[in-house]
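Source file: model.cif; contents: mmCIF, C-alpha atoms.
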data_entry
#
loop_
_atom_site.group_PDB
_atom_site.id
_atom_site.type_symbol
_atom_site.label_atom_id
_atom_site.label_comp_id
_atom_site.auth_asym_id
_atom_site.auth_seq_id
_atom_site.Cartn_x
_atom_site.Cartn_y
_atom_site.Cartn_z
ATOM 1 C CA MET A 166 59.002 48.814 70.634
ATOM 2 C CA TRP A 167 59.497 51.642 68.106
ATOM 3 C CA VAL A 168 63.040 50.563 67.211
ATOM 4 C CA THR A 169 62.412 46.838 66.859
ATOM 5 C CA GLY A 170 58.765 46.527 65.871
ATOM 6 C CA MET A 171 58.166 44.262 68.887
ATOM 7 C CA ASN A 172 54.959 44.265 70.877
ATOM 8 C CA PHE A 173 55.028 45.295 74.549
ATOM 9 C CA LYS A 174 55.557 41.799 75.916
ATOM 10 C CA GLU A 175 58.457 41.105 73.556
ATOM 11 C CA ALA A 176 60.134 44.447 74.279
ATOM 12 C CA LEU A 177 59.746 43.969 78.028
ATOM 13 C CA GLY A 178 61.322 40.529 77.720
ATOM 14 C CA GLU A 179 64.321 42.030 75.898
ATOM 15 C CA VAL A 180 64.800 44.626 78.660
ATOM 16 C CA VAL A 181 64.521 42.009 81.394
ATOM 17 C CA GLY A 182 67.043 39.784 79.629
ATOM 18 C CA TYR A 183 69.478 42.634 79.051
ATOM 19 C CA LEU A 184 69.382 43.671 82.722
ATOM 20 C CA HIS A 185 69.704 40.022 83.851
ATOM 21 C CA LEU A 186 66.541 40.321 85.911
ATOM 22 C CA GLY A 187 64.453 37.370 86.937
ATOM 23 C CA THR A 188 61.222 36.523 88.710
ATOM 24 C CA THR A 189 61.234 36.515 92.512
ATOM 25 C CA ARG A 190 59.835 32.979 92.485
ATOM 26 C CA PRO A 191 60.669 30.237 89.973
ATOM 27 C CA LEU A 192 57.863 29.443 87.569
ATOM 28 C CA PRO A 193 56.516 25.907 87.495
ATOM 29 C CA ALA A 194 58.321 23.791 84.894
ATOM 30 C CA ARG A 195 55.155 23.115 82.920
ATOM 31 C CA VAL A 196 54.474 26.869 82.532
ATOM 32 C CA VAL A 197 58.038 27.559 81.364
ATOM 33 C CA LYS A 198 57.822 24.717 78.860
ATOM 34 C CA ARG A 199 54.507 25.966 77.476
ATOM 35 C CA GLU A 200 55.855 29.506 77.064
ATOM 36 C CA LYS A 201 59.017 28.191 75.385
ATOM 37 C CA MET A 202 56.950 26.196 72.896
ATOM 38 C CA SER A 203 54.791 29.256 72.229
ATOM 39 C CA ASP A 204 57.877 31.423 71.670
ATOM 40 C CA GLU A 205 59.355 28.870 69.262
ATOM 41 C CA LYS A 206 56.148 28.813 67.224
ATOM 42 C CA GLU A 207 56.027 32.602 67.159
ATOM 43 C CA ASP A 208 59.684 32.798 66.102
ATOM 44 C CA GLU A 209 59.051 30.373 63.274
ATOM 45 C CA LYS A 210 56.128 32.506 62.066
ATOM 46 C CA LEU A 211 58.374 35.574 62.131
ATOM 47 C CA ARG A 212 61.095 33.778 60.147
ATOM 48 C CA GLN A 213 58.555 32.665 57.554
ATOM 49 C CA SER A 214 57.144 36.185 57.303
ATOM 50 C CA LEU A 215 60.595 37.743 56.818
ATOM 51 C CA ASN A 216 61.552 35.161 54.199
ATOM 52 C CA ARG A 217 58.252 35.590 52.372
ATOM 53 C CA VAL A 218 58.559 39.379 52.154
ATOM 54 C CA TRP A 219 62.157 39.200 50.944
ATOM 55 C CA ASN A 220 61.477 36.456 48.397
ATOM 56 C CA GLU A 221 58.481 38.344 47.008
ATOM 57 C CA SER A 222 60.549 41.500 46.474
ATOM 58 C CA ILE A 223 62.298 42.535 43.259
ATOM 59 C CA GLN A 224 65.284 44.687 42.370
ATOM 60 C CA ILE A 225 64.554 48.400 42.039
ATOM 61 C CA CYS A 226 65.921 48.412 38.500
ATOM 62 C CA GLU A 227 63.076 46.124 37.372
ATOM 63 C CA ARG A 228 60.109 47.590 35.490
ATOM 64 C CA ASP A 229 57.497 47.024 38.205
ATOM 65 C CA ALA A 230 59.543 48.868 40.844
ATOM 66 C CA GLU A 231 58.666 52.287 39.420
ATOM 67 C CA PRO A 232 57.171 53.606 42.729
ATOM 68 C CA ALA A 233 60.544 53.111 44.453
ATOM 69 C CA ARG A 234 62.440 54.819 41.631
ATOM 70 C CA LEU A 235 59.994 57.738 41.733
ATOM 71 C CA TYR A 236 60.387 57.992 45.490
ATOM 72 C CA LEU A 237 64.172 58.135 45.292
ATOM 73 C CA ALA A 238 64.021 60.704 42.503
ATOM 74 C CA ARG A 239 61.634 62.861 44.549
ATOM 75 C CA ARG A 240 64.089 62.649 47.442
ATOM 76 C CA GLY A 241 66.895 63.914 45.207
ATOM 77 C CA ILE A 242 68.784 60.611 44.850
ATOM 78 C CA ALA A 243 70.282 60.267 41.376
ATOM 79 C CA ILE A 244 72.661 57.309 41.785
ATOM 80 C CA SER A 245 71.591 53.816 40.776
ATOM 81 C CA PRO A 246 70.013 52.131 43.819
ATOM 82 C CA PRO A 247 72.315 49.528 45.420
ATOM 83 C CA GLU A 248 71.222 45.896 45.341
ATOM 84 C CA ALA A 249 70.721 46.049 49.113
ATOM 85 C CA LEU A 250 67.522 48.016 48.395
ATOM 86 C CA ARG A 251 64.572 46.110 46.981
ATOM 87 C CA PHE A 252 60.909 46.710 46.169
ATOM 88 C CA HIS A 253 57.785 44.894 47.292
ATOM 89 C CA PRO A 254 54.641 45.542 45.222
ATOM 90 C CA SER A 255 52.143 45.228 48.068
ATOM 91 C CA LEU A 256 52.766 44.969 51.812
ATOM 92 C CA SER A 257 50.101 45.020 54.484
ATOM 93 C CA TYR A 258 50.249 47.971 56.866
ATOM 94 C CA TYR A 259 49.138 47.493 60.455
ATOM 95 C CA ASP A 260 48.490 50.052 63.164
ATOM 96 C CA GLY A 261 48.843 47.770 66.150
ATOM 97 C CA LYS A 262 46.744 44.734 65.267
ATOM 98 C CA GLU A 263 44.473 46.621 62.900
ATOM 99 C CA LYS A 264 45.196 46.261 59.194
ATOM 100 C CA CYS A 265 44.922 49.667 57.517
ATOM 101 C CA GLY A 266 45.603 48.676 53.921
ATOM 102 C CA GLU A 267 48.239 47.461 51.504
ATOM 103 C CA TYR A 268 50.942 49.605 49.903
ATOM 104 C CA PRO A 269 54.031 49.173 47.759
ATOM 105 C CA ALA A 270 57.226 49.458 49.791
ATOM 106 C CA MET A 271 60.954 49.921 49.434
ATOM 107 C CA ILE A 272 62.649 47.404 51.686
ATOM 108 C CA SER A 273 66.176 46.722 52.905
ATOM 109 C CA MET A 274 67.831 44.068 55.038
ATOM 110 C CA VAL A 275 69.095 44.959 58.505
ATOM 111 C CA SER A 276 72.131 42.824 59.271
ATOM 112 C CA GLY A 277 73.561 41.915 62.663
ATOM 113 C CA THR A 278 77.109 42.404 63.870
ATOM 114 C CA LEU A 279 78.228 39.184 62.149
ATOM 115 C CA GLY A 280 76.574 40.089 58.853
ATOM 116 C CA ASN A 281 73.612 37.782 59.520
ATOM 117 C CA ALA A 282 70.113 38.810 58.460
ATOM 118 C CA VAL A 283 68.071 40.157 61.387
ATOM 119 C CA THR A 284 65.006 41.908 60.015
ATOM 120 C CA ILE A 285 63.623 44.047 57.196
ATOM 121 C CA HIS A 286 63.210 47.810 57.128
ATOM 122 C CA ARG A 287 60.195 49.053 55.159
ATOM 123 C CA ILE A 288 59.296 52.423 53.671
ATOM 124 C CA TYR A 289 55.631 52.332 52.658
ATOM 125 C CA LEU A 290 54.879 54.243 49.446
ATOM 126 C CA THR A 291 52.112 55.151 47.057
ATOM 127 C CA GLN A 292 52.109 54.234 43.376
ATOM 128 C CA ASP A 293 53.149 57.832 42.671
ATOM 129 C CA GLY A 294 56.351 57.496 44.672
ATOM 130 C CA ILE A 295 55.531 59.442 47.826
ATOM 131 C CA LYS A 296 55.338 58.186 51.404
ATOM 132 C CA ALA A 297 52.126 56.308 52.104
ATOM 133 C CA PRO A 298 49.461 58.255 54.059
ATOM 134 C CA VAL A 299 49.916 56.196 57.217
ATOM 135 C CA LYS A 300 50.958 56.961 60.790
ATOM 136 C CA SER A 301 54.474 55.492 60.485
ATOM 137 C CA PRO A 302 55.544 54.998 56.846
ATOM 138 C CA LYS A 303 58.945 53.703 57.996
ATOM 139 C CA LYS A 304 58.889 50.508 60.034
ATOM 140 C CA LEU A 305 61.032 47.555 61.067
ATOM 141 C CA MET A 306 59.520 44.081 60.873
ATOM 142 C CA ALA A 307 59.386 41.986 64.013
ATOM 143 C CA TYR A 308 62.079 39.305 64.153
ATOM 144 C CA PRO A 309 62.833 36.052 66.056
ATOM 145 C CA GLY A 310 64.125 36.236 69.607
ATOM 146 C CA ASP A 311 67.422 34.584 68.727
ATOM 147 C CA ARG A 312 68.429 37.542 66.538
ATOM 148 C CA GLN A 313 70.073 40.725 67.815
ATOM 149 C CA ILE A 314 69.552 44.078 66.103
ATOM 150 C CA ILE A 315 71.607 46.246 68.481
ATOM 151 C CA GLY A 316 74.998 46.833 66.871
ATOM 152 C CA GLY A 317 73.722 46.085 63.373
ATOM 153 C CA ALA A 318 72.976 48.206 60.311
ATOM 154 C CA ILE A 319 71.745 48.206 56.716
ATOM 155 C CA GLN A 320 74.832 47.467 54.633
ATOM 156 C CA LEU A 321 74.037 49.466 51.515
ATOM 157 C CA SER A 322 77.376 48.868 49.813
ATOM 158 C CA PRO A 323 77.996 45.417 48.312
ATOM 159 C CA ALA A 324 79.665 42.911 50.609
ATOM 160 C CA MET A 325 82.778 42.810 48.446
ATOM 161 C CA VAL A 326 83.296 46.569 48.784
ATOM 162 C CA LYS A 327 85.642 46.751 51.735
ATOM 163 C CA SER A 328 88.182 49.338 52.748
ATOM 164 C CA SER A 329 89.824 50.515 55.931
ATOM 165 C CA THR A 330 87.236 53.339 56.135
ATOM 166 C CA LEU A 331 83.478 52.963 56.659
ATOM 167 C CA LEU A 332 80.962 55.783 56.207
ATOM 168 C CA VAL A 333 77.841 55.741 58.391
ATOM 169 C CA ALA A 334 74.575 57.696 58.368
ATOM 170 C CA GLU A 335 71.207 57.276 60.084
ATOM 171 C CA GLY A 336 68.340 56.908 57.602
ATOM 172 C CA VAL A 337 68.414 54.951 54.364
ATOM 173 C CA GLU A 338 67.880 58.033 52.207
ATOM 174 C CA THR A 339 70.561 59.985 54.097
ATOM 175 C CA ALA A 340 73.004 57.113 53.615
ATOM 176 C CA LEU A 341 72.186 57.090 49.888
ATOM 177 C CA ALA A 342 72.891 60.834 49.815
ATOM 178 C CA VAL A 343 76.282 60.146 51.421
ATOM 179 C CA MET A 344 76.968 57.490 48.772
ATOM 180 C CA GLU A 345 76.201 60.029 46.058
ATOM 181 C CA GLY A 346 78.014 62.941 47.675
ATOM 182 C CA THR A 347 81.191 60.924 48.287
ATOM 183 C CA LYS A 348 81.074 58.521 45.321
ATOM 184 C CA GLY A 349 84.574 59.493 44.227
ATOM 185 C CA SER A 350 86.007 57.983 47.431
ATOM 186 C CA ASN A 351 84.497 54.509 46.841
ATOM 187 C CA PHE A 352 84.110 54.042 50.602
ATOM 188 C CA PRO A 353 81.353 51.637 51.689
ATOM 189 C CA VAL A 354 78.295 53.241 53.317
ATOM 190 C CA TRP A 355 75.991 51.792 55.977
ATOM 191 C CA SER A 356 72.668 53.053 57.338
ATOM 192 C CA THR A 357 71.913 52.594 61.041
ATOM 193 C CA VAL A 358 68.160 53.286 60.521
ATOM 194 C CA ASN A 359 67.902 55.634 63.529
ATOM 195 C CA ALA A 360 69.891 57.463 66.200
ATOM 196 C CA LEU A 361 69.565 54.746 68.851
ATOM 197 C CA LEU A 362 71.054 52.097 66.585
ATOM 198 C CA MET A 363 73.726 54.563 65.456
ATOM 199 C CA GLU A 364 75.165 55.069 68.917
ATOM 200 C CA ASN A 365 75.337 51.287 69.389
ATOM 201 C CA LEU A 366 76.830 50.393 65.994
ATOM 202 C CA ILE A 367 79.567 47.745 65.960
ATOM 203 C CA PRO A 368 81.690 48.196 62.813
ATOM 204 C CA PRO A 369 83.078 45.214 60.868
ATOM 205 C CA GLU A 370 86.568 43.935 61.645
ATOM 206 C CA TRP A 371 88.033 45.459 58.486
ATOM 207 C CA ALA A 372 87.053 49.023 59.467
ATOM 208 C CA ILE A 373 89.996 50.917 60.942
ATOM 209 C CA ARG A 374 88.247 54.278 60.554
ATOM 210 C CA VAL A 375 84.581 55.252 60.755
ATOM 211 C CA ILE A 376 83.284 58.588 59.491
ATOM 212 C CA ILE A 377 79.821 59.413 60.815
ATOM 213 C CA PHE A 378 77.528 61.696 58.826
ATOM 214 C CA GLY A 379 75.234 62.724 61.662
ATOM 215 C CA ASP A 380 71.863 64.464 61.505
ATOM 216 C CA LYS A 381 71.453 67.931 62.988
ATOM 217 C CA ASP A 382 68.285 67.627 65.100
ATOM 218 C CA ARG A 383 66.476 70.286 67.074
ATOM 219 C CA PRO A 384 67.043 70.140 70.854
ATOM 220 C CA THR A 385 64.374 68.443 72.942
ATOM 221 C CA GLU A 386 63.911 67.958 76.664
ATOM 222 C CA GLN A 387 65.171 64.377 76.348
ATOM 223 C CA HIS A 388 67.996 65.306 73.969
ATOM 224 C CA PRO A 389 69.035 68.890 74.762
ATOM 225 C CA LYS A 390 71.861 68.846 72.204
ATOM 226 C CA GLY A 391 69.812 67.139 69.495
ATOM 227 C CA HIS A 392 69.356 63.373 69.242
ATOM 228 C CA GLY A 393 71.334 63.016 66.024
ATOM 229 C CA GLN A 394 74.296 65.020 67.334
ATOM 230 C CA GLU A 395 74.294 63.149 70.659
ATOM 231 C CA ALA A 396 74.160 59.742 68.953
ATOM 232 C CA ALA A 397 77.050 60.619 66.630
ATOM 233 C CA LYS A 398 79.155 61.876 69.546
ATOM 234 C CA LYS A 399 78.479 58.755 71.623
ATOM 235 C CA LEU A 400 79.469 56.518 68.707
ATOM 236 C CA VAL A 401 82.699 58.466 68.168
ATOM 237 C CA GLN A 402 83.627 58.179 71.843
ATOM 238 C CA ARG A 403 82.825 54.475 72.008
ATOM 239 C CA LEU A 404 84.775 53.659 68.841
ATOM 240 C CA TRP A 405 87.905 55.489 70.022
ATOM 241 C CA GLN A 406 87.677 53.479 73.238
ATOM 242 C CA ARG A 407 87.671 50.335 71.108
ATOM 243 C CA GLY A 408 90.766 51.488 69.215
ATOM 244 C CA ILE A 409 88.868 52.513 66.066
ATOM 245 C CA GLN A 410 89.515 55.966 64.614
ATOM 246 C CA ALA A 411 86.226 57.849 64.382
ATOM 247 C CA SER A 412 84.989 61.291 63.429
ATOM 248 C CA ALA A 413 81.517 62.825 63.168
ATOM 249 C CA ILE A 414 80.496 65.427 60.591
ATOM 250 C CA ILE A 415 77.294 67.416 61.165
ATOM 251 C CA PRO A 416 75.724 69.522 58.364
ATOM 252 C CA ALA A 417 76.565 73.215 58.493
ATOM 253 C CA GLY A 418 73.737 75.714 58.458
ATOM 254 C CA GLU A 419 70.478 76.302 60.279
ATOM 255 C CA ILE A 420 67.573 73.870 60.462
ATOM 256 C CA PRO A 421 64.879 75.259 58.124
ATOM 257 C CA PRO A 422 61.817 76.756 59.815
ATOM 258 C CA GLY A 423 59.141 74.163 60.394
ATOM 259 C CA GLU A 424 61.579 71.261 59.997
ATOM 260 C CA LYS A 425 62.793 68.951 62.764
ATOM 261 C CA SER A 426 66.282 68.462 61.411
ATOM 262 C CA LEU A 427 68.908 69.146 58.778
ATOM 263 C CA ASP A 428 70.594 66.091 57.295
ATOM 264 C CA TRP A 429 72.982 65.233 54.472
ATOM 265 C CA LEU A 430 70.145 64.570 52.053
ATOM 266 C CA ASP A 431 69.163 68.217 52.521
ATOM 267 C CA ILE A 432 72.770 69.191 51.792
ATOM 268 C CA LEU A 433 72.833 67.047 48.647
ATOM 269 C CA LYS A 434 69.620 68.622 47.335
ATOM 270 C CA ALA A 435 70.841 72.151 48.101
ATOM 271 C CA LYS A 436 74.510 71.966 47.063
ATOM 272 C CA GLY A 437 75.113 68.620 45.374
ATOM 273 C CA SER A 438 78.386 66.797 46.009
ATOM 274 C CA ALA A 439 80.077 70.201 46.471
ATOM 275 C CA GLY A 440 78.417 70.369 49.892
ATOM 276 C CA PHE A 441 80.261 67.274 51.115
ATOM 277 C CA PRO A 442 83.740 67.246 52.661
ATOM 278 C CA VAL A 443 86.687 65.769 50.763
ATOM 279 C CA MET A 444 87.055 62.271 52.178
ATOM 280 C CA ASN A 445 90.819 62.054 51.619
ATOM 281 C CA MET A 446 91.333 65.151 53.773
ATOM 282 C CA ILE A 447 89.115 63.758 56.534
ATOM 283 C CA GLU A 448 90.924 60.429 56.417
ATOM 284 C CA ARG A 449 94.322 62.138 56.599
ATOM 285 C CA ALA A 450 93.253 64.224 59.590
ATOM 286 C CA MET A 451 92.033 61.094 61.401
ATOM 287 C CA ARG A 452 95.345 59.320 60.781
ATOM 288 C CA ASN A 453 97.214 62.294 62.226
ATOM 289 C CA ALA A 454 94.916 62.389 65.247
ATOM 290 C CA ALA A 455 95.588 58.698 65.907
#
Rendering of file as structure tokens:
Amino acid sequence: MWVTGMNFKEALGEVVGYLHLGTTRPLPARVVKREKMSDEKEDEKLRQSLNRVWNESIQICERDAEPARLYLARRGIAISPPEALRFHPSLSYYDGKEKCGEYPAMISMVSGTLGNAVTIHRIYLTQDGIKAPVKSPKKLMAYPGDRQIIGGAIQLSPAMVKSSTLLVAEGVETALAVMEGTKGSNFPVWSTVNALLMENLIPPEWAIRVIIFGDKDRPTEQHPKGHGQEAAKKLVQRLWQRGIQASAIIPAGEIPPGEKSLDWLDILKAKGSAGFPVMNMIERAMRNAA
């Protein structure tokens, strides 16, 4: 539910479908038909909502998108925002079914494995360019049942920017930091939104090599080696199995006291591009390893 923005019933349906489970007794045809019609209506509402939000948004370079520019500046991002990022002047924020207010938001499109639009990622802001004072300022919009988010990502680099090497990071801001820290390489950069989607990423056909800029997360009971590190390792292993050269780079240094993680945005703010590895050297090492 947290990853997709689905409600409980929708998430449970996805799990049941993935595990190929079924009911012990067939449902009456009239009940199945009614549920199918209801699902189709709900899917159409979701499509309309996604289209409305995207069509109401503007480019971050436009005058009225100042909250997004302030937010990026506060986060230490100096490069011009890619066109994949957009700004919405006022989006409703819900905690469950309860509407808590309206806030400006920086939005981005999450694409599926075929490059098709799946859903929209939102970062709720204030007019001053800080995260909105809400429970979860970063959220994915719900999306129709015929769309698949697993394997997808936010393709921050323009579609025409293709190379044999793809750079990947978790969060949008971390991916922007990677774009800035490695801008001399001109490699395209994608954001997987979170660790779960990172470990399941399916790269495009043109990617021969994938370099993963993983987060360094504190160990937890569920993720004893840190969720970010575990996700990056799983992606590397899976990509090599698919015949794709892959390498993960985790930030050096200790996680600051009181913080949950150390990521490449922290490295950019502390050391600038000098804190990033030389991409040509990484690429050469991966070729030799292959």
- Task: Would you be able to write out as a PyMOL selection string which residues have an atom within 10 Å of (61.4, 67.7, 64.3) in the file's coordinates, counting all atoms listed in the file?
- Result: chain A and resi 382-385+391+420+423-427
- Query: How would you write, as a PyMOL selection string, the residues chosen by the PyMOL selection byres ((chain A and resi 240) around 10) on this structure?
  - Reply: chain A and resi 234-239+241-243+294-295+338-339+342+430-431+433-434
Write the residues of the preceding selection, restricted to C-alpha atoms, as a CSV table (one decimal), in the frame of the given file.
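Okay, this is what ended up in selection19.csv:
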chain,number,residue,atom,x,y,z
A,234,ARG,CA,62.4,54.8,41.6
A,235,LEU,CA,60.0,57.7,41.7
A,236,TYR,CA,60.4,58.0,45.5
A,237,LEU,CA,64.2,58.1,45.3
A,238,ALA,CA,64.0,60.7,42.5
A,239,ARG,CA,61.6,62.9,44.5
A,241,GLY,CA,66.9,63.9,45.2
A,242,ILE,CA,68.8,60.6,44.8
A,243,ALA,CA,70.3,60.3,41.4
A,294,GLY,CA,56.4,57.5,44.7
A,295,ILE,CA,55.5,59.4,47.8
A,338,GLU,CA,67.9,58.0,52.2
A,339,THR,CA,70.6,60.0,54.1
A,342,ALA,CA,72.9,60.8,49.8
A,430,LEU,CA,70.1,64.6,52.1
A,431,ASP,CA,69.2,68.2,52.5
A,433,LEU,CA,72.8,67.0,48.6
A,434,LYS,CA,69.6,68.6,47.3
- Task: Run the PyMOL selection byres ((chain A and resi 358-374) around 8) on the file and write out the hits as number ranges by chain.
- Result: A: 168, 278-279, 315-319, 327-331, 334-337, 356-357, 375-376, 392-393, 396-400, 409-411, 448, 451
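Minimum distance to A:Gln394 across A:Gly437, A:Gly379, A:Pro421, A:Gly277 (counting only C-alpha atoms) occurs at A:Gly379.
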- Could you spell out the hits of the PyMOL selection byres ((chain A and resi 320) around 10) on the shown file, as a PyMOL selection string? chain A and resi 247+249-250+273-277+280+317-319+321-324+333+337+340+353-357
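Counting all atoms listed in the file, the residue from A:Met271, A:Asp380, A:Asp208, A:Ser301 that sits nearest to A:Val343 is A:Asp380.
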- Task: One decimal, Å: what's the distance from atom CA of A:Asn351 over to atom CA of A:Leu305, could you say?
- Result: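 Separation between atom CA of A:Asn351 and atom CA of A:Leu305: 28.3 Å.
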